[in-house]
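Take a look at the structure below.
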Amino acid sequence: MAGTQSWLPKLGLDLRGGTTITLTAKNVDPATGNAVDQNSLEQARLVIQNRVDSLGVGESEVTVSGDNQIVVSVPNMQEQELIDLVGQTAILNFRLVYLAQPVAPMIPSPSGSPSGTPSGEGSAQPSGEPTGSAVPSGEPSGSATTEGNGRPAPNLPTVPPPSPGSEGADIPEAESMGWQPTEAEYQQFMAYTCDQPPVDNPRQPLITCSEDGTEKLLLGPSIIEGQDLTDANAGIPQGELQWVVNLSFNNEAAQTFAEATTMLSQKQEPQNRFAIVLDGTSISAPTVDKPIPGGQAMIQGNFNQQSAQQLANVLKYGALPLAFDISSVDTVSATLGGEQLEAGMIAGAIGLALVLLYAIAYYRGLFVVIISSLAIAAAMTYACMVLLGESMGFALNLPGIAGAIVAIGVTADSFIIYFERIRDEVREGRTLRTAVETGWQRARSTIIISDAVSMLSAIILFILAIGSVKGFAFTLGLTTIIDLAVVLFFTKPLVVLLARTKFFGGGHKLSGLDARHLGVKSLPGRRRAVAGGRA
């Protein structure tokens with residue numbers, strides 16, 4: 001511990017505060033009709049784990065629970081921040097804008113739900129969220145920019161009339177750039193309101209709204225999808241002050257993007273725009289005035305470092321293969337975690353005090369062996385927790401403290417087995433020194449078997465358990481190994497040394513090794529005075 005300058009163990013979620021979210025998959029495996037595909041569930045777990053780890057969050061835990069749930073536990077992270085990170089499906093696609101119509105944002109009622117039809121006068125744009133206007137990153141040959149807030153003028157532009165066609169049919173990828181809406185799709189767009197959830201199918205047109213809810217968009221099928229991204233990172237462009245998210249496409253998508261921006265630069269508003277859509281919502285829809293080769297784009301918006309990095313991580317590690325409902329969110333404050341830690345320490349102190357009181361009342365002077373052995377075991381356990389936290393990320397949680405408290409009884413049990421075996425040997429007529437050795441030979445196998453059973457229980461529990469229960473199993477296994485080491489290399493040698501002293505070896509009435517306490521009339525082999533001066 002001194003070598004690593006580490007003196008305190010790492011604390012888990014329930015002791016230092018954080019958030020736990022349970023996600024329930026909605027997708028059904030077509031093969032079974034009633035079960036979530038387990039490969040997709042595991043893939044989703046890995047994606048979420050990568051997202052959480054990318055933020056540098058230590059001691060996070062992402063586990064699969066049952067057949068359709070993922071449990072995410074992250075210390076020192078706010079509830080909404082974690083929901084935004086793991087709850088996004090992150091289906092990203094680039095679509096061409098066909099129609100755009102400004103709308104006023106919904107005004108929430110006092111109860112928190114939207115009420116009425118907003119008049120659009122005096123409404124303010126929400127702040128604090130990355131409303132996002134996106135521009136492709138600067139290339140020598142051209143750039144895409146937004147005018148003002150990136151939305152068209154209030155008057156709806158004149159566009160070619162929608163063409164008749166079948167509704168809901170998938171559009172071939174080769175026809176995405178030349179797509180025209182059907183009469184039904186045009187009517188759906190005019191009737192659409194921003195409180196309706198969008199249905200995002202990359203191969204079909206999309207009616208959606210901007211992230212701030214102030215613009216309604218009719219978008220064509222996707223021309224570039226999230227899997228075509230090769231990289232996404234957050235940064236501040238040279239000479240600027242605002243955080244942005246930089247995107248890089250693979251070769252095929254880069255060619256498509258260059259062709260699309262070339263076509264868009266020759267059209268009029270709003271059909272000279274493309275929309276970046278994340279989970280069905282347009283996070284930006286910039287205009288294009290020049291072709292943009294090179295396969296690079298940039299998402300600009302009201303980002304800070306945290307929100308830009310979070311969006312970049314979500315895009316970088318890909319979309320979730322399943323859609324999830326958030327079943328439960330549990331938040332543990334740092335104050336509550338501290339109270340639980342204090343309660344656990346009090347429980348451990350009470351358990352230790354009861355063991356020591358029992359040792360003093362029943363074993364008298366031998367309690368020195370018990371208290372010193374427990375002190376050695378406690379020091380070794382604490383040191384192992386600290387060092388494992390530094391080297392392997394082990395975090396002590398409340399079940400782990402429970403495992404350590406149980407270990408007090410496991411260690412005390414080893415002493416009882418040894419001391420009682422010494423009593424049996426003395427009752428059979430052996431001297432105290434001989435009983436210490438022979439008693440150990442017979443007690444050793446019992447102690448080893450007892451610890452082996454505890455170790456086996458800990459291993460099985462660790463393998464089968466999920467979540468924080470693993471902390472209990474790990475701590476129980478660790479303390480069982482330490483108990484065996486302490487009994488073999490400290491307790492037994494100490495008893496041998498004490499048996500050679502006058503106080504213990506001579507059978508003092510307070511030593512715990514006196515004849516009366518051992519259940520014999522006199523200690524075998526001990527000289528006693530008789531009449532006539534002979535022994």
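Chain labels A, B, ... are given in the sequence in which chains occur in the structure tokens; within each chain residues are numbered consecutively from 1, and ligands are likewise numbered from 1 in the order shown.
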Query - Distance query stretch 371-383 of chain A at most 9 Å, only C-alpha atoms, self and fewer than 4 positions along chain excluded, as a PyMOL selection string - result: chain A and resi 1+7-9+352+356+359+366-367+387-388+404+408+411-412+475+478-479+482-483+485-487+490-491
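Rounded to one decimal, atom CA of A:Tyr418 and atom CA of A:Ile401 lie 26.7 Å from each other.
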Requested in this report: Do a neighbour search on stretch 495-509 of chain A at 12 Å with only C-alpha atoms, toss out local chain neighbours closer than 2 positions, and write the hits as an NGL selection string.
Outcome: :A and (363-370 or 372-373 or 415 or 418-419 or 422 or 426 or 431-440 or 487-493 or 511-518 or 520-528)
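The residue set within 7 Å of A:Pro399, counting only C-alpha atoms and dropping same-chain residues fewer than 3 places from it, reads A:Ala402, A:Gly403, A:Ser468, A:Val469, A:Gly471, A:Phe472.
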Requested in this report: To one decimal in Å, tell me the separation between atom CA of A:Gln78 and atom CA of A:Met345.
Outcome: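 About the pair atom CA of A:Gln78 and atom CA of A:Met345: they are 26.7 Å apart.
Among the candidates A:Val36, A:Ile276, A:Cys194, A:Ala452, the residue lying nearest to A:Ala104 is A:Cys194 (atoms considered: only C-alpha atoms).
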**Report entry** Selection near A:Leu241, 12 Å with only C-alpha atoms, sequence-local residues under 3 positions removed, as an MDAnalysis selection string
**Finding:** chainID A and resid 235:238 244 300:305
For the residues in the current selection, export all heavy atoms as a PDB file, in the first residue's frame.
ATOM      1  N   GLY A 235     -14.608  18.063 -30.558  1.00  0.00           N
ATOM      2  CA  GLY A 235     -13.474  18.970 -30.512  1.00  0.00           C
ATOM      3  C   GLY A 235     -13.904  20.393 -30.789  1.00  0.00           C
ATOM      4  O   GLY A 235     -15.069  20.687 -31.089  1.00  0.00           O
ATOM      5  N   ILE A 236     -12.945  21.313 -30.703  1.00  0.00           N
ATOM      6  CA  ILE A 236     -13.167  22.728 -31.010  1.00  0.00           C
ATOM      7  C   ILE A 236     -12.330  23.063 -32.239  1.00  0.00           C
ATOM      8  O   ILE A 236     -11.096  22.951 -32.202  1.00  0.00           O
ATOM      9  CB  ILE A 236     -12.768  23.631 -29.832  1.00  0.00           C
ATOM     10  CG1 ILE A 236     -13.583  23.267 -28.581  1.00  0.00           C
ATOM     11  CG2 ILE A 236     -12.954  25.099 -30.187  1.00  0.00           C
ATOM     12  CD1 ILE A 236     -13.196  24.069 -27.354  1.00  0.00           C
ATOM     13  N   PRO A 237     -12.951  23.432 -33.369  1.00  0.00           N
ATOM     14  CA  PRO A 237     -12.177  23.760 -34.573  1.00  0.00           C
ATOM     15  C   PRO A 237     -11.220  24.925 -34.314  1.00  0.00           C
ATOM     16  O   PRO A 237     -11.474  25.781 -33.457  1.00  0.00           O
ATOM     17  CB  PRO A 237     -13.252  24.145 -35.601  1.00  0.00           C
ATOM     18  CG  PRO A 237     -14.508  23.520 -35.085  1.00  0.00           C
ATOM     19  CD  PRO A 237     -14.384  23.532 -33.601  1.00  0.00           C
ATOM     20  N   GLN A 238     -10.127  24.935 -35.061  1.00  0.00           N
ATOM     21  CA  GLN A 238      -9.128  25.978 -34.908  1.00  0.00           C
ATOM     22  C   GLN A 238      -9.742  27.344 -35.194  1.00  0.00           C
ATOM     23  O   GLN A 238     -10.437  27.543 -36.185  1.00  0.00           O
ATOM     24  CB  GLN A 238      -7.952  25.733 -35.856  1.00  0.00           C
ATOM     25  CG  GLN A 238      -6.777  26.680 -35.645  1.00  0.00           C
ATOM     26  CD  GLN A 238      -5.593  26.290 -36.504  1.00  0.00           C
ATOM     27  OE1 GLN A 238      -5.664  25.345 -37.271  1.00  0.00           O
ATOM     28  NE2 GLN A 238      -4.503  27.023 -36.382  1.00  0.00           N
ATOM     29  N   VAL A 244     -17.877  21.050 -31.325  1.00  0.00           N
ATOM     30  CA  VAL A 244     -18.571  20.421 -32.450  1.00  0.00           C
ATOM     31  C   VAL A 244     -18.295  18.926 -32.412  1.00  0.00           C
ATOM     32  O   VAL A 244     -17.415  18.452 -31.675  1.00  0.00           O
ATOM     33  CB  VAL A 244     -18.101  21.003 -33.808  1.00  0.00           C
ATOM     34  CG1 VAL A 244     -18.361  22.496 -33.882  1.00  0.00           C
ATOM     35  CG2 VAL A 244     -16.634  20.690 -34.052  1.00  0.00           C
ATOM     36  N   GLN A 300     -22.615  21.032 -35.681  1.00  0.00           N
ATOM     37  CA  GLN A 300     -22.492  22.178 -34.797  1.00  0.00           C
ATOM     38  C   GLN A 300     -23.796  22.379 -34.049  1.00  0.00           C
ATOM     39  O   GLN A 300     -24.859  22.000 -34.520  1.00  0.00           O
ATOM     40  CB  GLN A 300     -22.160  23.445 -35.603  1.00  0.00           C
ATOM     41  CG  GLN A 300     -20.758  23.442 -36.207  1.00  0.00           C
ATOM     42  CD  GLN A 300     -20.494  24.716 -36.986  1.00  0.00           C
ATOM     43  OE1 GLN A 300     -21.404  25.313 -37.534  1.00  0.00           O
ATOM     44  NE2 GLN A 300     -19.233  25.115 -37.043  1.00  0.00           N
ATOM     45  N   GLY A 301     -23.708  22.987 -32.895  1.00  0.00           N
ATOM     46  CA  GLY A 301     -24.911  23.240 -32.118  1.00  0.00           C
ATOM     47  C   GLY A 301     -24.561  23.872 -30.802  1.00  0.00           C
ATOM     48  O   GLY A 301     -23.427  24.311 -30.578  1.00  0.00           O
ATOM     49  N   ASN A 302     -25.516  23.915 -29.915  1.00  0.00           N
ATOM     50  CA  ASN A 302     -25.306  24.491 -28.590  1.00  0.00           C
ATOM     51  C   ASN A 302     -24.670  23.448 -27.678  1.00  0.00           C
ATOM     52  O   ASN A 302     -25.223  23.050 -26.659  1.00  0.00           O
ATOM     53  CB  ASN A 302     -26.639  24.974 -28.020  1.00  0.00           C
ATOM     54  CG  ASN A 302     -26.467  25.754 -26.729  1.00  0.00           C
ATOM     55  OD1 ASN A 302     -25.404  26.306 -26.472  1.00  0.00           O
ATOM     56  ND2 ASN A 302     -27.506  25.784 -25.917  1.00  0.00           N
ATOM     57  N   PHE A 303     -23.483  22.995 -28.081  1.00  0.00           N
ATOM     58  CA  PHE A 303     -22.803  21.938 -27.347  1.00  0.00           C
ATOM     59  C   PHE A 303     -21.867  22.521 -26.294  1.00  0.00           C
ATOM     60  O   PHE A 303     -21.266  23.580 -26.490  1.00  0.00           O
ATOM     61  CB  PHE A 303     -21.955  21.070 -28.292  1.00  0.00           C
ATOM     62  CG  PHE A 303     -22.752  20.213 -29.235  1.00  0.00           C
ATOM     63  CD1 PHE A 303     -22.673  20.388 -30.607  1.00  0.00           C
ATOM     64  CD2 PHE A 303     -23.562  19.200 -28.754  1.00  0.00           C
ATOM     65  CE1 PHE A 303     -23.393  19.601 -31.473  1.00  0.00           C
ATOM     66  CE2 PHE A 303     -24.290  18.406 -29.613  1.00  0.00           C
ATOM     67  CZ  PHE A 303     -24.202  18.602 -30.977  1.00  0.00           C
ATOM     68  N   ASN A 304     -21.716  21.795 -25.181  1.00  0.00           N
ATOM     69  CA  ASN A 304     -20.563  21.979 -24.307  1.00  0.00           C
ATOM     70  C   ASN A 304     -19.689  20.740 -24.452  1.00  0.00           C
ATOM     71  O   ASN A 304     -20.002  19.831 -25.229  1.00  0.00           O
ATOM     72  CB  ASN A 304     -20.997  22.210 -22.852  1.00  0.00           C
ATOM     73  CG  ASN A 304     -21.894  21.095 -22.338  1.00  0.00           C
ATOM     74  OD1 ASN A 304     -21.794  19.951 -22.774  1.00  0.00           O
ATOM     75  ND2 ASN A 304     -22.792  21.425 -21.404  1.00  0.00           N
ATOM     76  N   GLN A 305     -18.598  20.684 -23.725  1.00  0.00           N
ATOM     77  CA  GLN A 305     -17.680  19.555 -23.884  1.00  0.00           C
ATOM     78  C   GLN A 305     -18.362  18.233 -23.566  1.00  0.00           C
ATOM     79  O   GLN A 305     -18.202  17.244 -24.291  1.00  0.00           O
ATOM     80  CB  GLN A 305     -16.450  19.740 -22.980  1.00  0.00           C
ATOM     81  CG  GLN A 305     -15.446  18.586 -23.093  1.00  0.00           C
ATOM     82  CD  GLN A 305     -14.219  18.801 -22.223  1.00  0.00           C
ATOM     83  OE1 GLN A 305     -14.108  19.814 -21.522  1.00  0.00           O
ATOM     84  NE2 GLN A 305     -13.288  17.874 -22.259  1.00  0.00           N
TER      85      GLN A 305
END
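Residues of stretch 50-100 of chain A assigned to helix (DSSP H, G or I) by DSSP on this structure's backbone: Asn50, Arg51, Val52, Asp53, Ser54, Glu79, Gln80, Glu81, Leu82, Ile83, Asp84, Leu85 and Val86 of chain A.
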**Report entry** Pick from A:Arg95, A:Lys216, A:Arg45, A:Arg430 nearest to A:Val71, counting only C-alpha atoms
**Finding:** A:Arg45
Query raised in the report: Taking into account only C-alpha atoms, which residue in the set A:Cys384, A:Val410, A:Ile417, A:Ala253 is nearest to A:Ser6?
Result: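 Using only C-alpha atoms, the shortest distance to A:Ser6 belongs to A:Cys384.
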